[in-house]
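A.B. asks: Mind having a look at this structure? Questions to follow.
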Amino acid sequence: MAIANAYDRNVSDVDHELWQDSLRAAEQDERIVSRSEEPPRRGRSEPLPSDLHPKLAEALAAQGIDELYSHQGEAWDAIAEGPVILSTGTASGKSMAFNLPVLDTLLRDPRARALYIYPSKALAQDQARALQELGLGKALRPAIYDGDTPRAERGAIRRKSNLVLTNPDMLHVGILPRHEQWADFLGNLAAIVVDEAHVYRGVFGSHVGNVLRRLRRLAGARGTAPRMILASATIANPVELAETLTGVPDFTVVKTDGAPSEGREVVLWNPPLLDEELGSRASSLGEAADLLCDLVRSGTRTICFIKSRKAVELIHRMATDRLRAAGQKELAARIAPYRAGYTPQQRRDLERRLQEGELLAVVATNALELGIDIGYLDAAVVVGFPGTVASLKQMWGRAGRRGRGLAVYIAGDDALDQFFCRHPEALLERPVESAVLDPSSLEIRGAHLLCAAFESPISANDEELLGPDLRNRCEALVSAGLLRQRGSQYQPAKAAGYPAGDVSLRSSSPSTVVLADSASGELLGTIELARAASTVHPGAIYLHMGSAYEVETLDLESGTASISRFEGNWYTQAKRETDTWIERTIETRESEGVVLNYGEVVVTETVTGYQRKSLKDHATIDWTPLALPPSEFATRAIWFGIDAKLLDGLDGELLLGALHAAEHAQIAVLPLLAMCDRWDLGGLSTNIHQQTGGPTIFIHEGHPGGVGLTRQAFTVFKDLVRDAHDLIAECPCRAGCPSCVQSPKCGNLNEPLAKDAARLLLKRMLEAGVGPAKRN
């Protein structure tokens with residue numbers, strides 16, 4: 001008996017005793033704060049569907065597959081009835097669950113077409129390989145259509161392929177605006193599959209929700225209503241996500257996982273405290289590099305996740321340096337970094353080496369959190385809280401596919417990390433979150449209405465897909481000179497250009513900066529324009545593919561940066577000045593001593609210079625000023641002014657430090673209340689704001705337009721103040737540390753900060769009636 005997407009039970013030569021030695025040593029010196037077991041789970045199977053197309057049944061038989069997991073069989077029945085979202089665990093065989101009904105349709109109807117949408121190019125490449133391996137011959141003609149597809153091949157794909165794999169970006173900017181070239185494909189579109197749907201939350205998800213509505217609109221204009229099939233990791237609100245993302249009602253969820261699990265050991269690891277008074281801990285990156293070396297030595301196939309691209313490169317560099325220093329150069333060569341910004345050729349080569357087992361370990365951003373088949377892994381190490389419990393469990397789920405696995409969470413010195421180390425049950429027993437998105441966001445939807453009008457004139461018939469207040473939105477765009485009205489239709493203004501090219505789905509910047517080697521002229525990678533000033537400014541040290549580069553020049557107008565190899569022993573940290581201008585107050589709530597507001601703001605950021613810091617002890621070496629142009633964006637925010645009676649005894653530098661520290665603490669705990677990531681937020685604190693006329697703290701969303709994260713902060717403000725107070729009060733450090741009031745993203749380099757004054761201010765706010773609030 002074999003099951004679709006079955007697990008390989010053949011465990012390689014892993015020295016489990018060596019990995020256990022590492023854990024025991026860490027437990028003895030109290031770096032491990034929790035060890036627990038996830039028990040194995042037996043799988044549940046059922047026969048292949050009796051009405052499966054014979055050719056597809058033969059292809060499965062050729063691969064030794066004669067049964068399905070129970071949830072795959074459930075999906076087969078549900079997809080025949082209507083829209084479906086699959087929400088089961090990592091490596092549970094979701095791809096097979098949606099492939100079978102789609103391929104069955106393509107085999108039965110030679111004119112039928114299907115579109116698979118993935119959040120990354122690597123996932124599409126992986127699925128294309130799996131489809132080719134089915135051996136269905138000319139009856140199945142899959143093809144990838146993304147930014148890496150040679151232009152000479154694109155016409156043939158549009159004409160001949162019956163299954164196209166793409167990503168939301170290419171769909172948005174390369175397919176929908178040129179839908180006339182896709183007329184036959186859209187006119188026969190039988191199914192749309194959206195894989196890794198849990199990724200589509202926040203700003204990205206809100207954009208993609210509009211892209212999917214535009215796709216359905218153009219398909220409907222050609223007489224088709226394709227079946228919608230979504231696949232997601234386990235989340236709290238799969239049906240709500242599916243319906244909000246697609247605009248299609250009445251989704252059925254398939255969530256009872258019938259796949260087996262070998263079980264895994266779960267470890268929470270806190271780097272040792274070096275200075276209790278300062279609250280400083282050993283580097284989580286160094287701890288991860290040490291553990292990675294031990295796992296590689298034991299033959300354990302490992303993936304190490306961390307959010308920052310720079311940290312990926314640093315962990316890789318530290319681990320390989322340590323292995324080489326120990327005379328283990330061959331093992332050092334079997335570790336590689338993987339992150340966004342690499343060229344297509346670099347990505348494909350890394351994926352191949354992972355699949356073929358040439359690499360023993362990889363250090364990656366969440367680019368590999370998703371369902372890319374990179375072979376069977378024994379251990380998954382996550383450095384720092386990835387933002388949501390759902391993401392953490394998705395990452396941990398990559399381990400233990402061929403035997404008992406190891407899942408490790410190494411805490412950083414960030415406030416949330418340390419909170420979870422003090423309260424492990426708050427992490428291990430915490431339910432997965434709901435995905436939050438808002439396709440109707442004024443700024444996001446307005447941009448996509450321009451795209452939709454470019455694709456086909458908008459009329460009242462589009463209200464069902466584009467929204468019930470469609471006419472008002474279009475008239476606002478007419479007033480802005482972006483649309484024009486012709487009879488009952490809305491069309492692009494004459495000078496509107498190509499609107500999709502100005503709408504970035506993934507960041508606030510639609511453009512990128514190209515990184516080129518100054519010596520050879522070789523293209524090394526790209527970076528978003530919005531991040532360029534703070535990341536690749538002149539003098540910055542930039543890590544790429546395990547090597548360090550120094551930025552020689554940055555030309556923001558041409559979108560180019562020249563970099564050269566760097567061998568020094570320092571890194572750089574940029575300093576930013578931020579200004580926040582209140583555009584519109586939407587809601588106000590007053591309590592004694594505090595006036596809380598929610599509304600629209602414009603945030604202006606200017607990189608003013610950078611510090612050089614020693615790699616050895618992080619000490620500041622020197623400061624270099626920069627003269628770079630400011631960047632600005634409109635977003636949503638909360639802000640609150642504080643009455644003088646709550647500030648008694650706080651003035652001058654102490655007041656600035658109290659406001660700044662309170663702002664950082666509130667941003668640190670808001671992800672627990674608003675289901676967001678600290679990096680989705682920004683802030684400003686000032687002793688006198690030009691519009692409010694007094695001391696004010698702003699917490700704003702870090703993306704243009706915003707999607708409601710700060711609206712949640714407005715709603716639960718009492719909880720936010722209390723949790724920020726408790727975070728500071730519980731921390732044993734003397735003057736403030738990364739576990740309470742220091743922020744890793746502070747543009748002012750964490751100066752000034754006054755921990756005790758911030759605790760006093762928040763306490764006074766609570767006593768004045770701001771909180772506490774009853775939790776639901």
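Chain labels A, B, ... are given in the sequence in which chains occur in the structure tokens; within each chain residues are numbered consecutively from 1, and ligands are likewise numbered from 1 in the order shown.
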Once DSSP has gone over the backbone, tell me which residues of region 624-680 of chain A are in alpha helix (DSSP H), as a PyMOL selection string.
C.D. replies: chain A and resi 652-674
A.B. asks: Could you name the residues that touch Tyr145 (chain A) at 10 Å or less, counting only C-alpha atoms, but leaving out those on the same chain fewer than 5 positions away, as a list of chain:residue names?
C.D. replies: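 The residues satisfying every condition are A:Lys121, A:Ala124, A:Pro150, A:Arg151, A:Glu153, A:Arg154, A:Ile157, A:Arg158, A:Val164, A:Leu165, A:Thr166, A:Asn167, A:Met170, A:Leu171, A:Gly174, A:Ile175.
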A.B. asks: Smallest atom-to-atom distance to Arg35 (chain A): which of A:Ile235, A:Leu720, A:Pro424, A:Gly135, using only C-alpha atoms?
C.D. replies: A:Pro424
A.B. asks: Please provide the set of residues having any atom within 12 Å of Ser459 (chain A), restricted to only C-alpha atoms, with same-chain residues fewer than 6 positions apart removed, written as a list of chain:residue names.
C.D. replies: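 Result of the neighbour search: A:Arg217, A:Leu449, A:Ala452, A:Ala453, A:Leu465, A:Leu466, A:Gly467, A:Pro468, A:Asp469, A:Leu470, A:Arg471, A:Cys474, A:Glu475, A:Gln485, A:Arg486, A:Gly487, A:Ser488, A:Gln489, A:Tyr490, A:Gln491.
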A.B. asks: Extract, using only C-alpha atoms, all DNA, RNA and protein residues at most 9 Å from Leu647 (chain A), discarding same-chain residues fewer than 5 positions from it, and format them as a ChimeraX atom specification.
C.D. replies: /A:642,655,761,764
A.B. asks: Sorted by chain and rising residue number, which residues of region 404-456 of chain A lie within 7 Å of region 278-301 of chain A, and what are their closest atom pairs and distances in Å to one decimal, counting only C-alpha atoms, as CSV?
C.D. replies:
```
residue,atom,partner,partner_atom,distance
A:Ile410,CA,A:Ser284,CA,6.5
A:Ala411,CA,A:Ser284,CA,6.6
A:Gly412,CA,A:Ser284,CA,5.4
A:Asp413,CA,A:Arg281,CA,6.8
```
A.B. asks: Could you list, as a short mmCIF file (atom, residue, chain, number, x, y, z; two decimals) with N, CA, C and O atoms, in the first residue's frame, every residue within 10 Å of Leu428 (chain A), counting only C-alpha atoms and ignoring same-chain residues fewer than 4 positions away?
C.D. replies:
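What follows is the written file out33.cif:
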```
data_model
loop_
_atom_site.label_atom_id
_atom_site.label_comp_id
_atom_site.auth_asym_id
_atom_site.auth_seq_id
_atom_site.Cartn_x
_atom_site.Cartn_y
_atom_site.Cartn_z
N SER A 34 12.38 25.05 28.26
CA SER A 34 11.25 24.12 28.13
C SER A 34 11.62 23.03 27.14
O SER A 34 12.20 23.31 26.09
N SER A 36 9.52 19.57 25.50
CA SER A 36 8.27 18.82 25.48
C SER A 36 8.23 17.95 24.23
O SER A 36 9.09 18.06 23.35
N VAL A 266 10.16 19.36 21.11
CA VAL A 266 10.04 20.81 21.00
C VAL A 266 10.85 21.45 22.13
O VAL A 266 10.64 21.14 23.31
N LEU A 268 12.44 25.13 23.76
CA LEU A 268 12.54 26.59 23.85
C LEU A 268 13.88 26.93 24.48
O LEU A 268 14.20 26.45 25.57
N VAL A 389 2.01 32.57 15.82
CA VAL A 389 2.12 31.16 16.20
C VAL A 389 1.93 30.28 14.97
O VAL A 389 2.58 29.23 14.82
N LYS A 393 4.56 27.32 13.87
CA LYS A 393 4.20 25.92 13.70
C LYS A 393 4.41 25.45 12.26
O LYS A 393 4.75 24.29 12.02
N PHE A 420 7.80 35.07 26.13
CA PHE A 420 7.50 33.66 25.93
C PHE A 420 8.46 32.77 26.71
O PHE A 420 8.08 31.67 27.14
N HIS A 423 7.12 32.67 30.11
CA HIS A 423 5.83 31.98 30.14
C HIS A 423 5.74 31.03 28.94
O HIS A 423 5.01 31.30 27.98
N PRO A 424 6.48 29.90 28.93
CA PRO A 424 6.48 28.99 27.76
C PRO A 424 5.09 28.52 27.36
O PRO A 424 4.80 28.34 26.18
#
```
A.B. asks: As a count of residues only, which residues of region 279-435 of chain A does DSSP assign to strand (DSSP E)?
C.D. replies: 26
A.B. asks: Taking into account only C-alpha atoms, which residue in the set A:Glu632, A:Lys718, A:Ala627, A:Ala139 is nearest to Pro110 (chain A)?
C.D. replies: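 Closest to Pro110 (chain A) of all the choices is A:Ala139.
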A.B. asks: Identify, on the basis of only C-alpha atoms, every residue whose closest approach to Ala516 (chain A) does not exceed 8 Å; exclude the query and any residue fewer than 2 positions from it along the same chain; express the result as number ranges by chain.
C.D. replies: A: 514, 518, 521-525, 560-563
A.B. asks: With all heavy atoms kept, could you save the residues just selected as a short mmCIF file (atom, residue, chain, number, x, y, z; two decimals), in the first residue's frame?
C.D. replies:
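The result, written out as result_39.cif:
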```cif
data_model
loop_
_atom_site.label_atom_id
_atom_site.label_comp_id
_atom_site.auth_asym_id
_atom_site.auth_seq_id
_atom_site.Cartn_x
_atom_site.Cartn_y
_atom_site.Cartn_z
N VAL A 514 19.05 47.95 -8.15
CA VAL A 514 19.90 46.86 -8.62
C VAL A 514 21.27 46.97 -7.97
O VAL A 514 21.88 48.05 -7.94
CB VAL A 514 20.04 46.92 -10.16
CG1 VAL A 514 21.04 45.87 -10.64
CG2 VAL A 514 18.69 46.71 -10.82
N SER A 518 31.15 46.39 -8.34
CA SER A 518 31.85 47.50 -8.99
C SER A 518 33.06 47.04 -9.79
O SER A 518 33.46 47.69 -10.76
CB SER A 518 32.31 48.52 -7.94
OG SER A 518 33.21 47.92 -7.02
N GLY A 521 31.02 44.34 -12.65
CA GLY A 521 29.76 44.76 -13.25
C GLY A 521 28.67 43.72 -13.14
O GLY A 521 27.55 43.92 -13.61
N GLU A 522 28.95 42.57 -12.47
CA GLU A 522 27.99 41.48 -12.36
C GLU A 522 26.80 41.90 -11.50
O GLU A 522 26.96 42.53 -10.44
CB GLU A 522 28.66 40.27 -11.73
CG GLU A 522 27.72 39.09 -11.50
CD GLU A 522 28.37 37.98 -10.70
OE1 GLU A 522 29.54 38.15 -10.29
OE2 GLU A 522 27.69 36.95 -10.48
N LEU A 523 25.58 41.55 -11.95
CA LEU A 523 24.38 41.79 -11.16
C LEU A 523 24.35 40.78 -10.01
O LEU A 523 24.36 39.57 -10.22
CB LEU A 523 23.13 41.61 -12.03
CG LEU A 523 21.79 41.57 -11.29
CD1 LEU A 523 21.51 42.88 -10.60
CD2 LEU A 523 20.66 41.22 -12.26
N LEU A 524 24.33 41.30 -8.77
CA LEU A 524 24.36 40.43 -7.60
C LEU A 524 22.99 40.24 -6.97
O LEU A 524 22.75 39.25 -6.28
CB LEU A 524 25.33 40.99 -6.56
CG LEU A 524 26.80 41.03 -6.98
CD1 LEU A 524 27.64 41.69 -5.90
CD2 LEU A 524 27.32 39.63 -7.27
N GLY A 525 22.09 41.17 -7.18
CA GLY A 525 20.76 41.06 -6.57
C GLY A 525 20.02 42.37 -6.66
O GLY A 525 20.43 43.31 -7.34
N THR A 560 20.28 52.17 -8.93
CA THR A 560 21.47 51.33 -8.96
C THR A 560 22.34 51.60 -7.72
O THR A 560 22.38 52.72 -7.21
CB THR A 560 22.31 51.60 -10.22
OG1 THR A 560 22.69 52.98 -10.25
CG2 THR A 560 21.54 51.26 -11.47
N ALA A 561 23.02 50.56 -7.28
CA ALA A 561 24.00 50.68 -6.21
C ALA A 561 25.23 49.89 -6.59
O ALA A 561 25.13 48.76 -7.10
CB ALA A 561 23.43 50.16 -4.89
N SER A 562 26.39 50.48 -6.39
CA SER A 562 27.65 49.82 -6.70
C SER A 562 28.27 49.34 -5.40
O SER A 562 28.42 50.10 -4.43
CB SER A 562 28.60 50.82 -7.39
OG SER A 562 29.85 50.24 -7.64
N ILE A 563 28.62 48.04 -5.34
CA ILE A 563 29.16 47.45 -4.13
C ILE A 563 30.44 46.69 -4.43
O ILE A 563 30.66 46.25 -5.56
CB ILE A 563 28.14 46.53 -3.44
CG1 ILE A 563 27.76 45.36 -4.36
CG2 ILE A 563 26.88 47.31 -3.07
CD1 ILE A 563 26.75 44.38 -3.72
#
```
A.B. asks: By how many Å are CA of Gly593 (chain A) and CA of Glu767 (chain A) apart?
C.D. replies: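 Value for the CA of Gly593 (chain A)-CA of Glu767 (chain A) distance: 10.2 Å.
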A.B. asks: Mind pulling up the distance from CA of Thr585 (chain A) to CA of Val602 (chain A)?
C.D. replies: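 Straight-line distance from CA of Val602 (chain A) to CA of Thr585 (chain A) works out to 12.2 Å.
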A.B. asks: Rounded to one decimal, what separation in Å do you get between CA of Arg484 (chain A) and CA of His179 (chain A)?
C.D. replies: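 It comes out at 21.6 Å.
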A.B. asks: With only C-alpha atoms as the basis for distance, which of A:Gln127, A:Gln394, A:Asn366, A:Ser206 is at the shortest distance from Thr88 (chain A)?
C.D. replies: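 Between A:Gln127, A:Gln394, A:Asn366, A:Ser206, the residue approaching Thr88 (chain A) most closely is A:Gln394.
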A.B. asks: Which is closest to Trp269 (chain A) among A:Glu600, A:Asp648, A:Asp29, A:Asp502, if we use only C-alpha atoms?
C.D. replies: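 Of A:Glu600, A:Asp648, A:Asp29, A:Asp502, the one nearest Trp269 (chain A) is A:Asp29, counting only C-alpha atoms.
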A.B. asks: Between A:Ala548, A:Leu103, A:Ala236, A:Ser558, which is the closest to Glu313 (chain A) once you count only C-alpha atoms?
C.D. replies: A:Ala548
A.B. asks: Which of these residues is nearest to Leu437 (chain A), using only C-alpha atoms: A:Asp726, A:Glu243, A:Glu27, A:Asp51?
C.D. replies: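 Distance minimum relative to Leu437 (chain A) lands on A:Glu243.
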